[in-house]
$ cat final-v4.pdb   # PDB, C-alpha atoms and all ligand atoms
MODEL        1
ATOM      1  CA  MET A   1       0.000   0.000   0.000  1.00  0.00           C
ATOM      2  CA  ASN A   2       1.085   3.428  -0.789  1.00  0.00           C
ATOM      3  CA  LYS A   3      -0.081   6.706   0.714  1.00  0.00           C
ATOM      4  CA  GLN A   4      -0.644   8.387  -2.652  1.00  0.00           C
ATOM      5  CA  ASP A   5      -3.244   5.783  -3.644  1.00  0.00           C
ATOM      6  CA  TYR A   6      -5.578   7.135  -1.000  1.00  0.00           C
ATOM      7  CA  PHE A   7      -5.874  10.417  -2.863  1.00  0.00           C
ATOM      8  CA  VAL A   8      -7.608   9.000  -5.941  1.00  0.00           C
ATOM      9  CA  PRO A   9     -10.813  11.051  -6.005  1.00  0.00           C
ATOM     10  CA  MET A  10     -14.120   9.719  -7.183  1.00  0.00           C
ATOM     11  CA  ASP A  11     -14.847  10.682 -10.773  1.00  0.00           C
ATOM     12  CA  ALA A  12     -18.474  11.585 -10.126  1.00  0.00           C
ATOM     13  CA  GLU A  13     -20.238  14.730  -9.050  1.00  0.00           C
ATOM     14  CA  LEU A  14     -23.573  15.623  -7.554  1.00  0.00           C
ATOM     15  CA  HIS A  15     -25.679  17.957  -9.691  1.00  0.00           C
ATOM     16  CA  ASN A  16     -29.102  18.917  -8.362  1.00  0.00           C
ATOM     17  CA  GLY A  17     -29.210  15.805  -6.218  1.00  0.00           C
ATOM     18  CA  LYS A  18     -28.219  13.454  -9.074  1.00  0.00           C
ATOM     19  CA  TRP A  19     -24.863  11.802  -9.622  1.00  0.00           C
ATOM     20  CA  VAL A  20     -23.094  12.532 -12.867  1.00  0.00           C
ATOM     21  CA  VAL A  21     -20.644   9.710 -13.136  1.00  0.00           C
ATOM     22  CA  GLY A  22     -17.394   9.652 -15.084  1.00  0.00           C
ATOM     23  CA  ASN A  23     -14.908   6.824 -14.935  1.00  0.00           C
ATOM     24  CA  LEU A  24     -15.291   4.553 -11.963  1.00  0.00           C
ATOM     25  CA  PRO A  25     -13.147   1.488 -11.258  1.00  0.00           C
ATOM     26  CA  GLU A  26     -14.040  -1.666 -13.183  1.00  0.00           C
ATOM     27  CA  GLY A  27     -14.609  -3.786 -10.080  1.00  0.00           C
ATOM     28  CA  PHE A  28     -16.939  -1.217  -8.509  1.00  0.00           C
ATOM     29  CA  ASP A  29     -20.166  -3.151  -8.768  1.00  0.00           C
ATOM     30  CA  TRP A  30     -22.847  -0.872 -10.180  1.00  0.00           C
ATOM     31  CA  LYS A  31     -25.447  -3.582 -10.415  1.00  0.00           C
ATOM     32  CA  PHE A  32     -24.949  -4.217  -6.773  1.00  0.00           C
ATOM     33  CA  LEU A  33     -25.512  -0.573  -5.867  1.00  0.00           C
ATOM     34  CA  ASP A  34     -29.135  -1.036  -6.912  1.00  0.00           C
ATOM     35  CA  PHE A  35     -29.444  -3.556  -4.138  1.00  0.00           C
ATOM     36  CA  LEU A  36     -27.828  -1.448  -1.409  1.00  0.00           C
ATOM     37  CA  PRO A  37     -30.727   0.974  -0.784  1.00  0.00           C
ATOM     38  CA  GLU A  38     -32.797  -1.976   0.372  1.00  0.00           C
ATOM     39  CA  LEU A  39     -30.555  -2.455   3.375  1.00  0.00           C
ATOM     40  CA  ARG A  40     -31.930  -0.826   6.505  1.00  0.00           C
ATOM     41  CA  GLY A  41     -29.711   1.156   8.851  1.00  0.00           C
ATOM     42  CA  GLY A  42     -26.317   2.706   8.464  1.00  0.00           C
ATOM     43  CA  GLY A  43     -25.175   5.498   6.228  1.00  0.00           C
ATOM     44  CA  THR A  44     -23.630   3.535   3.386  1.00  0.00           C
ATOM     45  CA  ALA A  45     -26.650   2.116   1.645  1.00  0.00           C
ATOM     46  CA  GLY A  46     -27.365   3.862  -1.638  1.00  0.00           C
ATOM     47  CA  ARG A  47     -24.692   6.525  -1.065  1.00  0.00           C
ATOM     48  CA  LEU A  48     -22.348   6.548  -4.007  1.00  0.00           C
ATOM     49  CA  ASP A  49     -19.567   8.547  -2.373  1.00  0.00           C
ATOM     50  CA  HIS A  50     -19.538   6.394   0.781  1.00  0.00           C
ATOM     51  CA  SER A  51     -19.486   3.294  -1.326  1.00  0.00           C
ATOM     52  CA  TYR A  52     -16.820   4.522  -3.703  1.00  0.00           C
ATOM     53  CA  TYR A  53     -14.315   5.535  -1.013  1.00  0.00           C
ATOM     54  CA  LEU A  54     -14.863   2.416   1.075  1.00  0.00           C
ATOM     55  CA  TYR A  55     -14.596   0.222  -2.005  1.00  0.00           C
ATOM     56  CA  HIS A  56     -11.481   2.071  -3.104  1.00  0.00           C
ATOM     57  CA  TYR A  57      -9.723   1.829   0.282  1.00  0.00           C
ATOM     58  CA  ALA A  58     -10.485  -1.905   0.561  1.00  0.00           C
ATOM     59  CA  SER A  59      -9.382  -2.573  -3.010  1.00  0.00           C
ATOM     60  CA  LEU A  60      -5.948  -1.026  -2.305  1.00  0.00           C
ATOM     61  CA  LEU A  61      -5.151  -3.772   0.204  1.00  0.00           C
ATOM     62  CA  PRO A  62      -2.826  -6.569  -0.872  1.00  0.00           C
ATOM     63  CA  ASP A  63      -3.796 -10.222  -0.952  1.00  0.00           C
ATOM     64  CA  ASN A  64      -4.178 -11.895   2.473  1.00  0.00           C
ATOM     65  CA  SER A  65      -5.343  -8.699   4.146  1.00  0.00           C
ATOM     66  CA  ARG A  66      -7.547  -8.454   7.183  1.00  0.00           C
ATOM     67  CA  ILE A  67     -10.145  -5.721   7.623  1.00  0.00           C
ATOM     68  CA  VAL A  68     -11.873  -5.189  10.967  1.00  0.00           C
ATOM     69  CA  GLU A  69     -15.096  -3.203  10.906  1.00  0.00           C
ATOM     70  CA  ILE A  70     -16.790  -1.814  14.014  1.00  0.00           C
ATOM     71  CA  GLY A  71     -20.518  -1.315  13.342  1.00  0.00           C
ATOM     72  CA  THR A  72     -22.083  -3.746  10.868  1.00  0.00           C
ATOM     73  CA  ALA A  73     -25.736  -2.609  11.003  1.00  0.00           C
ATOM     74  CA  GLN A  74     -27.270  -4.521   8.070  1.00  0.00           C
ATOM     75  CA  GLY A  75     -23.931  -5.143   6.401  1.00  0.00           C
ATOM     76  CA  ALA A  76     -23.924  -2.463   3.687  1.00  0.00           C
ATOM     77  CA  SER A  77     -20.430  -1.122   4.390  1.00  0.00           C
ATOM     78  CA  ALA A  78     -19.021  -4.623   4.943  1.00  0.00           C
ATOM     79  CA  ILE A  79     -20.482  -5.629   1.592  1.00  0.00           C
ATOM     80  CA  VAL A  80     -19.045  -2.590  -0.179  1.00  0.00           C
ATOM     81  CA  MET A  81     -15.597  -3.380   1.250  1.00  0.00           C
ATOM     82  CA  GLY A  82     -16.212  -7.021   0.362  1.00  0.00           C
ATOM     83  CA  THR A  83     -16.596  -6.103  -3.297  1.00  0.00           C
ATOM     84  CA  GLY A  84     -13.203  -4.376  -2.967  1.00  0.00           C
ATOM     85  CA  ILE A  85     -11.455  -7.575  -1.830  1.00  0.00           C
ATOM     86  CA  ARG A  86     -13.368  -9.978  -4.084  1.00  0.00           C
ATOM     87  CA  GLY A  87     -11.028 -12.471  -5.727  1.00  0.00           C
ATOM     88  CA  LYS A  88      -8.367 -11.969  -3.079  1.00  0.00           C
ATOM     89  CA  ASN A  89      -7.547 -14.207  -0.165  1.00  0.00           C
ATOM     90  CA  SER A  90      -8.580 -11.470   2.262  1.00  0.00           C
ATOM     91  CA  ILE A  91     -11.201 -11.242   4.958  1.00  0.00           C
ATOM     92  CA  ILE A  92     -13.469  -8.752   6.731  1.00  0.00           C
ATOM     93  CA  LEU A  93     -14.396  -9.297  10.368  1.00  0.00           C
ATOM     94  CA  THR A  94     -17.363  -7.133  11.207  1.00  0.00           C
ATOM     95  CA  ILE A  95     -18.400  -6.477  14.800  1.00  0.00           C
ATOM     96  CA  ASP A  96     -21.829  -5.421  16.049  1.00  0.00           C
ATOM     97  CA  PRO A  97     -23.741  -6.381  19.184  1.00  0.00           C
ATOM     98  CA  GLY A  98     -26.918  -5.887  17.143  1.00  0.00           C
ATOM     99  CA  MET A  99     -26.249  -9.338  15.668  1.00  0.00           C
ATOM    100  CA  MET A 100     -26.351 -11.045  19.058  1.00  0.00           C
ATOM    101  CA  SER A 101     -29.182 -13.468  19.772  1.00  0.00           C
ATOM    102  CA  ASP A 102     -32.118 -12.224  21.866  1.00  0.00           C
ATOM    103  CA  GLU A 103     -31.015 -14.552  24.658  1.00  0.00           C
ATOM    104  CA  GLU A 104     -27.528 -13.071  24.712  1.00  0.00           C
ATOM    105  CA  VAL A 105     -28.831  -9.492  24.629  1.00  0.00           C
ATOM    106  CA  GLN A 106     -31.049 -10.325  27.609  1.00  0.00           C
ATOM    107  CA  SER A 107     -28.220 -11.956  29.533  1.00  0.00           C
ATOM    108  CA  ARG A 108     -25.903  -8.964  28.943  1.00  0.00           C
ATOM    109  CA  ARG A 109     -28.575  -6.280  29.311  1.00  0.00           C
ATOM    110  CA  ASP A 110     -26.743  -4.298  32.007  1.00  0.00           C
ATOM    111  CA  GLU A 111     -23.576  -4.086  29.949  1.00  0.00           C
ATOM    112  CA  LEU A 112     -25.403  -3.240  26.709  1.00  0.00           C
ATOM    113  CA  THR A 113     -27.648  -0.406  27.896  1.00  0.00           C
ATOM    114  CA  LYS A 114     -24.715   2.036  27.727  1.00  0.00           C
ATOM    115  CA  TYR A 115     -24.380   1.582  23.952  1.00  0.00           C
ATOM    116  CA  GLU A 116     -26.433   3.139  21.188  1.00  0.00           C
ATOM    117  CA  LEU A 117     -27.444  -0.083  19.524  1.00  0.00           C
ATOM    118  CA  LEU A 118     -29.264  -0.709  16.301  1.00  0.00           C
ATOM    119  CA  LEU A 119     -30.640  -4.158  16.886  1.00  0.00           C
ATOM    120  CA  GLY A 120     -30.894  -5.990  13.622  1.00  0.00           C
ATOM    121  CA  ASN A 121     -30.103  -9.608  13.422  1.00  0.00           C
ATOM    122  CA  LEU A 122     -27.488 -11.961  12.217  1.00  0.00           C
ATOM    123  CA  HIS A 123     -29.928 -13.707   9.931  1.00  0.00           C
ATOM    124  CA  HIS A 124     -30.527 -10.534   7.890  1.00  0.00           C
ATOM    125  CA  VAL A 125     -26.839  -9.691   7.712  1.00  0.00           C
ATOM    126  CA  MET A 126     -26.074 -13.217   6.468  1.00  0.00           C
ATOM    127  CA  GLN A 127     -28.876 -12.955   3.914  1.00  0.00           C
ATOM    128  CA  ASN A 128     -27.422  -9.696   2.640  1.00  0.00           C
ATOM    129  CA  ILE A 129     -23.914 -11.151   2.458  1.00  0.00           C
ATOM    130  CA  ARG A 130     -25.231 -14.140   0.521  1.00  0.00           C
ATOM    131  CA  ALA A 131     -27.214 -11.911  -1.843  1.00  0.00           C
ATOM    132  CA  ALA A 132     -23.976 -10.059  -2.572  1.00  0.00           C
ATOM    133  CA  ARG A 133     -22.194 -13.403  -3.118  1.00  0.00           C
ATOM    134  CA  LEU A 134     -19.615 -12.492  -0.534  1.00  0.00           C
ATOM    135  CA  GLU A 135     -19.843 -15.560   1.699  1.00  0.00           C
ATOM    136  CA  GLY A 136     -16.356 -16.451   2.852  1.00  0.00           C
ATOM    137  CA  TYR A 137     -15.182 -12.832   2.615  1.00  0.00           C
ATOM    138  CA  ILE A 138     -17.192 -11.410   5.521  1.00  0.00           C
ATOM    139  CA  VAL A 139     -17.321 -12.914   9.009  1.00  0.00           C
ATOM    140  CA  PRO A 140     -19.824 -11.342  11.427  1.00  0.00           C
ATOM    141  CA  ILE A 141     -18.781 -11.035  15.072  1.00  0.00           C
ATOM    142  CA  PRO A 142     -21.899 -10.499  17.201  1.00  0.00           C
ATOM    143  CA  ASP A 143     -20.372  -8.525  20.068  1.00  0.00           C
ATOM    144  CA  THR A 144     -19.367  -5.056  21.183  1.00  0.00           C
ATOM    145  CA  SER A 145     -16.091  -3.595  19.960  1.00  0.00           C
ATOM    146  CA  GLU A 146     -14.926  -3.434  23.567  1.00  0.00           C
ATOM    147  CA  ASN A 147     -15.625  -7.089  24.349  1.00  0.00           C
ATOM    148  CA  ALA A 148     -14.354  -8.370  20.982  1.00  0.00           C
ATOM    149  CA  LEU A 149     -11.091  -6.532  21.646  1.00  0.00           C
ATOM    150  CA  LYS A 150     -10.692  -8.316  24.981  1.00  0.00           C
ATOM    151  CA  ARG A 151     -10.997 -11.622  23.152  1.00  0.00           C
ATOM    152  CA  TRP A 152      -8.737 -10.616  20.214  1.00  0.00           C
ATOM    153  CA  ASP A 153      -5.753 -12.919  19.740  1.00  0.00           C
ATOM    154  CA  GLY A 154      -3.328 -10.232  18.613  1.00  0.00           C
ATOM    155  CA  ARG A 155      -3.535 -10.782  14.842  1.00  0.00           C
ATOM    156  CA  LYS A 156      -2.505  -7.742  12.829  1.00  0.00           C
ATOM    157  CA  ILE A 157      -5.034  -5.707  10.873  1.00  0.00           C
ATOM    158  CA  ASP A 158      -4.502  -4.019   7.486  1.00  0.00           C
ATOM    159  CA  MET A 159      -7.545  -1.759   7.628  1.00  0.00           C
ATOM    160  CA  LEU A 160      -9.702  -0.772  10.566  1.00  0.00           C
ATOM    161  CA  TYR A 161     -13.058   0.762   9.694  1.00  0.00           C
ATOM    162  CA  VAL A 162     -14.816   2.449  12.615  1.00  0.00           C
ATOM    163  CA  ASP A 163     -18.531   3.165  12.261  1.00  0.00           C
ATOM    164  CA  GLY A 164     -19.929   2.126  15.645  1.00  0.00           C
ATOM    165  CA  SER A 165     -21.696   4.222  18.232  1.00  0.00           C
ATOM    166  CA  HIS A 166     -20.054   7.646  17.526  1.00  0.00           C
ATOM    167  CA  THR A 167     -20.098   8.772  21.159  1.00  0.00           C
ATOM    168  CA  TYR A 168     -16.836  10.129  22.538  1.00  0.00           C
ATOM    169  CA  GLU A 169     -16.476   7.364  25.166  1.00  0.00           C
ATOM    170  CA  ASP A 170     -17.222   4.555  22.722  1.00  0.00           C
ATOM    171  CA  VAL A 171     -14.965   5.910  19.983  1.00  0.00           C
ATOM    172  CA  LYS A 172     -12.163   6.148  22.546  1.00  0.00           C
ATOM    173  CA  LYS A 173     -12.614   2.418  23.139  1.00  0.00           C
ATOM    174  CA  ASP A 174     -12.828   1.731  19.406  1.00  0.00           C
ATOM    175  CA  CYS A 175      -9.483   3.515  18.966  1.00  0.00           C
ATOM    176  CA  LEU A 176      -7.827   0.836  21.114  1.00  0.00           C
ATOM    177  CA  TRP A 177      -8.138  -1.437  18.069  1.00  0.00           C
ATOM    178  CA  MET A 178      -5.581   0.814  16.344  1.00  0.00           C
ATOM    179  CA  GLN A 179      -2.780  -0.908  18.276  1.00  0.00           C
ATOM    180  CA  TYR A 180      -3.296  -3.950  16.045  1.00  0.00           C
ATOM    181  CA  VAL A 181      -3.117  -2.099  12.717  1.00  0.00           C
ATOM    182  CA  LYS A 182       0.098  -2.925  10.845  1.00  0.00           C
ATOM    183  CA  HIS A 183       2.696  -0.286  10.068  1.00  0.00           C
ATOM    184  CA  GLY A 184       1.663   0.805   6.587  1.00  0.00           C
ATOM    185  CA  GLY A 185      -1.963   0.007   7.392  1.00  0.00           C
ATOM    186  CA  VAL A 186      -4.908   2.380   7.772  1.00  0.00           C
ATOM    187  CA  ALA A 187      -7.695   3.294  10.165  1.00  0.00           C
ATOM    188  CA  VAL A 188     -10.755   4.852   8.541  1.00  0.00           C
ATOM    189  CA  PHE A 189     -13.390   6.683  10.571  1.00  0.00           C
ATOM    190  CA  ASP A 190     -16.916   7.334   9.438  1.00  0.00           C
ATOM    191  CA  ASP A 191     -18.806  10.541  10.249  1.00  0.00           C
ATOM    192  CA  TRP A 192     -16.111  12.981  11.260  1.00  0.00           C
ATOM    193  CA  ILE A 193     -18.355  14.678  13.785  1.00  0.00           C
ATOM    194  CA  GLU A 194     -17.134  16.413  16.942  1.00  0.00           C
ATOM    195  CA  PRO A 195     -17.135  13.484  19.448  1.00  0.00           C
ATOM    196  CA  VAL A 196     -15.483  11.185  16.906  1.00  0.00           C
ATOM    197  CA  GLU A 197     -12.854  13.746  15.960  1.00  0.00           C
ATOM    198  CA  LYS A 198     -12.094  14.548  19.607  1.00  0.00           C
ATOM    199  CA  ALA A 199     -11.616  10.896  20.598  1.00  0.00           C
ATOM    200  CA  VAL A 200      -9.511  10.039  17.546  1.00  0.00           C
ATOM    201  CA  MET A 201      -7.319  13.139  17.694  1.00  0.00           C
ATOM    202  CA  GLU A 202      -6.583  12.447  21.363  1.00  0.00           C
ATOM    203  CA  TYR A 203      -5.522   8.919  20.479  1.00  0.00           C
ATOM    204  CA  VAL A 204      -3.251   9.969  17.614  1.00  0.00           C
ATOM    205  CA  ALA A 205      -1.730  12.786  19.699  1.00  0.00           C
ATOM    206  CA  ALA A 206      -0.600  10.107  22.152  1.00  0.00           C
ATOM    207  CA  HIS A 207       0.524   7.695  19.401  1.00  0.00           C
ATOM    208  CA  ARG A 208       2.677   9.740  17.078  1.00  0.00           C
ATOM    209  CA  GLU A 209       3.196   7.041  14.456  1.00  0.00           C
ATOM    210  CA  TRP A 210      -0.327   7.814  13.211  1.00  0.00           C
ATOM    211  CA  GLU A 211      -0.636  10.348  10.426  1.00  0.00           C
ATOM    212  CA  LEU A 212      -3.817  11.955   9.139  1.00  0.00           C
ATOM    213  CA  LEU A 213      -3.807  11.120   5.428  1.00  0.00           C
ATOM    214  CA  THR A 214      -7.003  12.502   4.016  1.00  0.00           C
ATOM    215  CA  ARG A 215     -10.527  13.498   4.833  1.00  0.00           C
ATOM    216  CA  SER A 216     -13.360  12.981   2.392  1.00  0.00           C
ATOM    217  CA  THR A 217     -13.989  16.728   2.708  1.00  0.00           C
ATOM    218  CA  ASP A 218     -10.724  17.125   0.754  1.00  0.00           C
ATOM    219  CA  GLN A 219     -12.108  15.156  -2.185  1.00  0.00           C
ATOM    220  CA  PRO A 220     -15.303  15.353  -4.234  1.00  0.00           C
ATOM    221  CA  PRO A 221     -18.135  15.595  -3.253  1.00  0.00           C
ATOM    222  CA  LYS A 222     -16.462  17.007  -0.104  1.00  0.00           C
ATOM    223  CA  HIS A 223     -18.789  15.423   2.445  1.00  0.00           C
ATOM    224  CA  PRO A 224     -17.396  14.841   5.946  1.00  0.00           C
ATOM    225  CA  TRP A 225     -17.882  11.079   5.842  1.00  0.00           C
ATOM    226  CA  LYS A 226     -14.501   9.411   5.895  1.00  0.00           C
ATOM    227  CA  THR A 227     -11.208  10.306   7.541  1.00  0.00           C
ATOM    228  CA  VAL A 228      -8.180   8.130   6.866  1.00  0.00           C
ATOM    229  CA  PHE A 229      -5.158   7.672   9.139  1.00  0.00           C
ATOM    230  CA  TRP A 230      -1.966   5.887   8.141  1.00  0.00           C
ATOM    231  CA  ARG A 231       0.293   4.068  10.591  1.00  0.00           C
ATOM    232  CA  ASN A 232       3.936   4.847   9.874  1.00  0.00           C
TER     233      ASN A 232
HETATM  234  C1  LIG B 301     -24.024   3.738  11.724  1.00  0.00           C
HETATM  235  S1  LIG B 301     -24.362   2.082  12.062  1.00  0.00           S
HETATM  236  C2  LIG B 301     -23.212   1.213  11.072  1.00  0.00           C
HETATM  237  C3  LIG B 301     -23.500   1.337   9.621  1.00  0.00           C
HETATM  238  C4  LIG B 301     -22.718   0.421   8.723  1.00  0.00           C
HETATM  239  N1  LIG B 301     -21.284   0.546   8.942  1.00  0.00           N
HETATM  240  C5  LIG B 301     -23.035   0.771   7.287  1.00  0.00           C
HETATM  241  O1  LIG B 301     -22.485   1.748   6.772  1.00  0.00           O
HETATM  242  O2  LIG B 301     -23.842   0.062   6.696  1.00  0.00           O
HETATM  243  C6  LIG B 301     -23.690   1.902  13.653  1.00  0.00           C
HETATM  244  C7  LIG B 301     -23.720   0.487  14.199  1.00  0.00           C
HETATM  245  O3  LIG B 301     -22.819   0.424  15.293  1.00  0.00           O
HETATM  246  C8  LIG B 301     -23.320  -0.508  16.210  1.00  0.00           C
HETATM  247  N2  LIG B 301     -22.649  -0.296  17.503  1.00  0.00           N
HETATM  248  C9  LIG B 301     -22.975   0.545  18.509  1.00  0.00           C
HETATM  249  N3  LIG B 301     -22.125   0.418  19.520  1.00  0.00           N
HETATM  250  C10 LIG B 301     -21.215  -0.506  19.152  1.00  0.00           C
HETATM  251  C11 LIG B 301     -20.070  -1.084  19.787  1.00  0.00           C
HETATM  252  N4  LIG B 301     -19.706  -0.713  21.007  1.00  0.00           N
HETATM  253  N5  LIG B 301     -19.377  -2.021  19.115  1.00  0.00           N
HETATM  254  C12 LIG B 301     -19.755  -2.397  17.860  1.00  0.00           C
HETATM  255  N6  LIG B 301     -20.822  -1.889  17.217  1.00  0.00           N
HETATM  256  C13 LIG B 301     -21.544  -0.963  17.853  1.00  0.00           C
HETATM  257  C14 LIG B 301     -24.801  -0.268  16.212  1.00  0.00           C
HETATM  258  O4  LIG B 301     -25.500  -1.413  16.706  1.00  0.00           O
HETATM  259  C15 LIG B 301     -25.067   0.038  14.737  1.00  0.00           C
HETATM  260  O5  LIG B 301     -25.495  -1.106  14.048  1.00  0.00           O
ENDMDL
END

$ encode --input "final-v4.pdb" --output "structure tokens"
Amino acid sequence: MNKQDYFVPMDAELHNGKWVVGNLPEGFDWKFLDFLPELRGGGTAGRLDHSYYLYHYASLLPDNSRIVEIGTAQGASAIVMGTGIRGKNSIILTIDPGMMSDEEVQSRRDELTKYELLLGNLHHVMQNIRAARLEGYIVPIPDTSENALKRWDGRKIDMLYVDGSHTYEDVKKDCLWMQYVKHGGVAVFDDWIEPVEKAVMEYVAAHREWELLTRSTDQPPKHPWKTVFWRN
């Protein structure tokens, strides 16, 4: 991976609410975009710029890469990244307590009330993954980011995508996953809103090997959706 590759802007622009599309990458699955708006929850579904940048970042990863996503919702962003690694021997692990069984949610109720959860279910996420023909590329982890991190076995990560609860306290916990990102790997944050920015900037101030590479506000259509950090 190479820092410059992250600056390839999307060749499409919004005019009066409609996308005017130029040259988009061959593997960027247009047919599949028609299916995305049907997915409930999350900000990726049906959003061309979200999809393009996520697809692009995932497609830059070499073979045998590992992506960890925090915040699956119905699987739209995992699926978009999945189309970016299709054909490679790479994998996406996507974490969301919303995929836990009702029994587990009940048994961990006290722990879970502090999170802003979007309870979907694993069955729907699996259906969506199958519909996208991405079985084997995406592995759902029904848990919180915090608890999944406690159980993590130390494997290195090539790309971390954080789109979980967006509160300052939760994003601070999500940032702890950054310790497992490889040197030369990236951490991408969705929704660069104040609590997210504050938590992430505090983390990178204390871990100087992290470098802010680009924000989607720097590139067309200049929406504040994605911010990319590189680990030197
Ligand atoms: C904005 S949605 C994710 C959207 C998804 N990435 C997409 O673009 O399709 C946020 C998700 O984060 C989940 N979430 C909230 N707290 C979490 C935590 N502590 N760990 C993991 N996921 C969490 C919610 O249940 C919700 O499904």

$ axis_aligned_box --input "final-v4.pdb" --around "ligand LIG 301 (chain B)" --padding-each-side "6 Å" --output "JSON"
{"center_x": -22.4, "center_y": 0.7, "center_z": 13.9, "size_x": 18.1, "size_y": 18.1, "size_z": 26.3}

$ atom_distance --input "final-v4.pdb" --atom1 "CA of Lys182 in chain A" --atom2 "CA of Leu134 in chain A"
24.7 Å

$ atom_distance --input "final-v4.pdb" --atom1 "CA of Asn89 in chain A" --atom2 "CA of Glu69 in chain A"
17.3 Å

$ atom_distance --input "final-v4.pdb" --atom1 "CA of Asn121 in chain A" --atom2 "atom C3 of ligand LIG 301 (chain B)"
13.3 Å

$ resolve_selection --input "final-v4.pdb" --expression "the PyMOL selection byres (((chain A and resi 92) around 7) and not hetatm)" --output "list in words"
Arg66, Ile67, Val68, Ile91, Leu93, Thr94, Tyr137, Ile138 and Val139 of chain A

$ resolve_selection --input "final-v4.pdb" --expression "the PyMOL selection byres (((chain A and resi 194-204) around 8) and not hetatm)" --output "ChimeraX atom specification"
/A:166-169,171-172,175,191-193,205-211

$ closest_residue --input "final-v4.pdb" --among "A:Asn128, A:Thr227, A:Thr144, A:Thr217" --to "Glu104 in chain A" --atoms "all atoms listed in the file"
A:Thr144

$ closest_residue --input "final-v4.pdb" --among "A:Gly82, A:Gly87, A:Pro9, A:Pro97" --to "ligand LIG 301 (chain B)" --atoms "all atoms listed in the file"
A:Pro97

$ closest_residue --input "final-v4.pdb" --among "A:Trp225, A:Tyr180, A:Tyr6, A:Tyr115" --to "Arg47 in chain A" --atoms "all atoms listed in the file"
A:Trp225

$ resolve_selection --input "final-v4.pdb" --expression "the PyMOL selection byres (((chain A and resi 174) around 9) and not hetatm)" --output "JSON, numbers by chain"
{"A": [70, 145, 146, 149, 162, 164, 169, 170, 171, 172, 173, 175, 176, 177, 178]}

$ closest_residue --input "final-v4.pdb" --among "A:Asp49, A:Glu135, A:Asp29, A:Asp143" --to "ligand LIG 301 (chain B)" --atoms "only C-alpha atoms and all ligand atoms"
A:Asp143

$ closest_residue --input "final-v4.pdb" --among "A:Met99, A:Ser165, A:Pro221, A:Met10" --to "Gly22 in chain A" --atoms "only C-alpha atoms"
A:Met10

$ closest_residue --input "final-v4.pdb" --among "A:Arg133, A:Lys18, A:His124, A:His50" --to "ligand LIG 301 (chain B)" --atoms "all atoms listed in the file"
A:His50

$ closest_atom_pairs --input "final-v4.pdb" --of "range 61-94 of chain A" --to "range 53-57 of chain A" --cutoff "8 Å" --atoms "all atoms listed in the file" --output "JSON lines"
{"residue": "A:Leu61", "atom": "CA", "partner": "A:Tyr57", "partner_atom": "CA", "distance": 7.2}
{"residue": "A:Ser77", "atom": "CA", "partner": "A:Leu54", "partner_atom": "CA", "distance": 7.4}
{"residue": "A:Val80", "atom": "CA", "partner": "A:Tyr55", "partner_atom": "CA", "distance": 5.6}
{"residue": "A:Met81", "atom": "CA", "partner": "A:Tyr55", "partner_atom": "CA", "distance": 5.0}
{"residue": "A:Gly82", "atom": "CA", "partner": "A:Tyr55", "partner_atom": "CA", "distance": 7.8}
{"residue": "A:Thr83", "atom": "CA", "partner": "A:Tyr55", "partner_atom": "CA", "distance": 6.8}
{"residue": "A:Gly84", "atom": "CA", "partner": "A:Tyr55", "partner_atom": "CA", "distance": 4.9}

$ write_last_selection --input "final-v4.pdb" --atoms "C-alpha atoms" --output "short mmCIF file (atom, residue, chain, number, x, y, z; two decimals), in the coordinates of the input"
data_model
loop_
_atom_site.label_atom_id
_atom_site.label_comp_id
_atom_site.auth_asym_id
_atom_site.auth_seq_id
_atom_site.Cartn_x
_atom_site.Cartn_y
_atom_site.Cartn_z
CA LEU A 61 -5.15 -3.77 0.20
CA SER A 77 -20.43 -1.12 4.39
CA VAL A 80 -19.05 -2.59 -0.18
CA MET A 81 -15.60 -3.38 1.25
CA GLY A 82 -16.21 -7.02 0.36
CA THR A 83 -16.60 -6.10 -3.30
CA GLY A 84 -13.20 -4.38 -2.97
#
